[in-house]
Amino acid sequence: MSKAQNLAKKLQGANGLFTPPTYSHIYKLSTVQMSNDKGTWFGWDVSKVGPVKDKSIYDMAKSFAVSVGKGEVEAKPETKEAKKEFSL
């Protein structure tokens, strides 16, 4: 089973099997070093932690997913000002 298939497992609902939306679960993202004969780089290791249990977080994630689907969200590269603002 591929990693993507593992993350998108079907669940049993009242009306049969369904695939839950990705925002309904919490995922752990880690970097992993990969290499081949062309070089070495870092890729992603994604694992499902479990379902979102806090309704307010679920609603926020759903709202964000809807905005992305409508094209209302635009990804932009991080700026130096943003780095200064969020540095710990």
# chains A, B, ... in the order shown; residues from 1 in each chain; ligands from 1
call {"tool": "select_by_dssp", "arguments": {"residues": "chain A", "states": "helix (DSSP H, G or I)", "output": "VMD selection string"}}
result
chain A and resid 3 to 7 22 to 24 55 to 69 80 to 86
call {"tool": "residues_around", "arguments": {"residues": "Lys62 in chain A", "least_positions_apart": "5", "cutoff": "12 Å", "atoms": "only C-alpha atoms", "output": "list in words"}}
result
Pro20, Pro21, Thr22, Tyr23, Ser24, His25, Val52, Lys55, Ser56, Ile57, Ser67, Val68 and Gly69 of chain A
call {"tool": "closest_residue", "arguments": {"among": "A:Thr79, A:Phe64, A:Lys48, A:Asp59", "to": "Lys9 in chain A", "atoms": "only C-alpha atoms"}}
result
A:Lys48
call {"tool": "select_by_dssp", "arguments": {"residues": "range 11-88 of chain A", "states": "strand (DSSP E or B)", "output": "number ranges by chain"}}
result
A: 11-13, 16-18, 25-36, 39-51
call {"tool": "residues_around", "arguments": {"residues": "Val46 in chain A", "least_positions_apart": "6", "cutoff": "7 Å", "atoms": "only C-alpha atoms", "output": "list of chain:residue names"}}
result
A:Tyr27, A:Lys28, A:Leu29, A:Ser30
call {"tool": "atom_distance", "arguments": {"atom1": "CA of Ala61 in chain A", "atom2": "CA of Leu17 in chain A"}}
result
22.5 Å
call {"tool": "decode", "arguments": {"residues": "range 18-73 of chain A", "atoms": "C-alpha atoms", "output": "PDB file, in the first residue's frame"}}
result
ATOM      1  CA  PHE A  18     -16.328   7.052   3.075  1.00  0.00           C
ATOM      2  CA  THR A  19     -13.002   8.836   2.725  1.00  0.00           C
ATOM      3  CA  PRO A  20     -12.736  11.579   5.365  1.00  0.00           C
ATOM      4  CA  PRO A  21     -11.351  14.968   4.301  1.00  0.00           C
ATOM      5  CA  THR A  22      -7.641  15.433   4.956  1.00  0.00           C
ATOM      6  CA  TYR A  23      -8.344  18.301   7.377  1.00  0.00           C
ATOM      7  CA  SER A  24     -10.250  15.917   9.656  1.00  0.00           C
ATOM      8  CA  HIS A  25      -7.001  14.367  10.902  1.00  0.00           C
ATOM      9  CA  ILE A  26      -3.745  15.531  12.452  1.00  0.00           C
ATOM     10  CA  TYR A  27      -0.543  14.637  10.604  1.00  0.00           C
ATOM     11  CA  LYS A  28       3.064  14.576  11.716  1.00  0.00           C
ATOM     12  CA  LEU A  29       5.485  15.983   9.142  1.00  0.00           C
ATOM     13  CA  SER A  30       9.187  15.195   9.367  1.00  0.00           C
ATOM     14  CA  THR A  31      12.070  15.620   6.988  1.00  0.00           C
ATOM     15  CA  VAL A  32      14.026  12.605   5.876  1.00  0.00           C
ATOM     16  CA  GLN A  33      17.315  12.539   4.014  1.00  0.00           C
ATOM     17  CA  MET A  34      17.115  10.819   0.639  1.00  0.00           C
ATOM     18  CA  SER A  35      19.744  10.124  -1.977  1.00  0.00           C
ATOM     19  CA  ASN A  36      20.441   8.453  -5.274  1.00  0.00           C
ATOM     20  CA  ASP A  37      23.216   8.519  -7.859  1.00  0.00           C
ATOM     21  CA  LYS A  38      22.330  12.147  -8.727  1.00  0.00           C
ATOM     22  CA  GLY A  39      22.720  13.522  -5.217  1.00  0.00           C
ATOM     23  CA  THR A  40      21.268  13.930  -1.748  1.00  0.00           C
ATOM     24  CA  TRP A  41      18.217  15.942  -0.667  1.00  0.00           C
ATOM     25  CA  PHE A  42      15.548  16.105   1.997  1.00  0.00           C
ATOM     26  CA  GLY A  43      12.020  14.849   1.444  1.00  0.00           C
ATOM     27  CA  TRP A  44       8.923  14.540   3.610  1.00  0.00           C
ATOM     28  CA  ASP A  45       7.795  11.728   5.866  1.00  0.00           C
ATOM     29  CA  VAL A  46       4.048  12.140   6.536  1.00  0.00           C
ATOM     30  CA  SER A  47       2.238  10.039   9.115  1.00  0.00           C
ATOM     31  CA  LYS A  48      -1.317  10.262  10.391  1.00  0.00           C
ATOM     32  CA  VAL A  49      -1.531  10.927  14.146  1.00  0.00           C
ATOM     33  CA  GLY A  50      -5.298  10.695  14.573  1.00  0.00           C
ATOM     34  CA  PRO A  51      -8.576  12.548  14.156  1.00  0.00           C
ATOM     35  CA  VAL A  52      -9.018  16.200  15.118  1.00  0.00           C
ATOM     36  CA  LYS A  53     -10.935  16.180  18.393  1.00  0.00           C
ATOM     37  CA  ASP A  54     -11.393  19.927  18.946  1.00  0.00           C
ATOM     38  CA  LYS A  55     -14.404  21.188  16.943  1.00  0.00           C
ATOM     39  CA  SER A  56     -13.046  24.745  16.689  1.00  0.00           C
ATOM     40  CA  ILE A  57      -9.807  23.460  15.100  1.00  0.00           C
ATOM     41  CA  TYR A  58     -11.805  21.234  12.728  1.00  0.00           C
ATOM     42  CA  ASP A  59     -14.022  24.182  11.716  1.00  0.00           C
ATOM     43  CA  MET A  60     -10.967  26.400  11.154  1.00  0.00           C
ATOM     44  CA  ALA A  61      -9.303  23.733   8.990  1.00  0.00           C
ATOM     45  CA  LYS A  62     -12.511  23.186   7.007  1.00  0.00           C
ATOM     46  CA  SER A  63     -12.903  26.931   6.421  1.00  0.00           C
ATOM     47  CA  PHE A  64      -9.293  27.147   5.223  1.00  0.00           C
ATOM     48  CA  ALA A  65      -9.812  24.166   2.873  1.00  0.00           C
ATOM     49  CA  VAL A  66     -12.927  25.816   1.404  1.00  0.00           C
ATOM     50  CA  SER A  67     -10.998  29.086   0.873  1.00  0.00           C
ATOM     51  CA  VAL A  68      -8.178  27.215  -0.875  1.00  0.00           C
ATOM     52  CA  GLY A  69     -10.713  25.414  -3.071  1.00  0.00           C
ATOM     53  CA  LYS A  70     -12.244  28.750  -4.094  1.00  0.00           C
ATOM     54  CA  GLY A  71      -8.816  30.182  -4.955  1.00  0.00           C
ATOM     55  CA  GLU A  72      -9.013  32.739  -2.155  1.00  0.00           C
ATOM     56  CA  VAL A  73      -5.668  31.685  -0.625  1.00  0.00           C
TER      57      VAL A  73
END
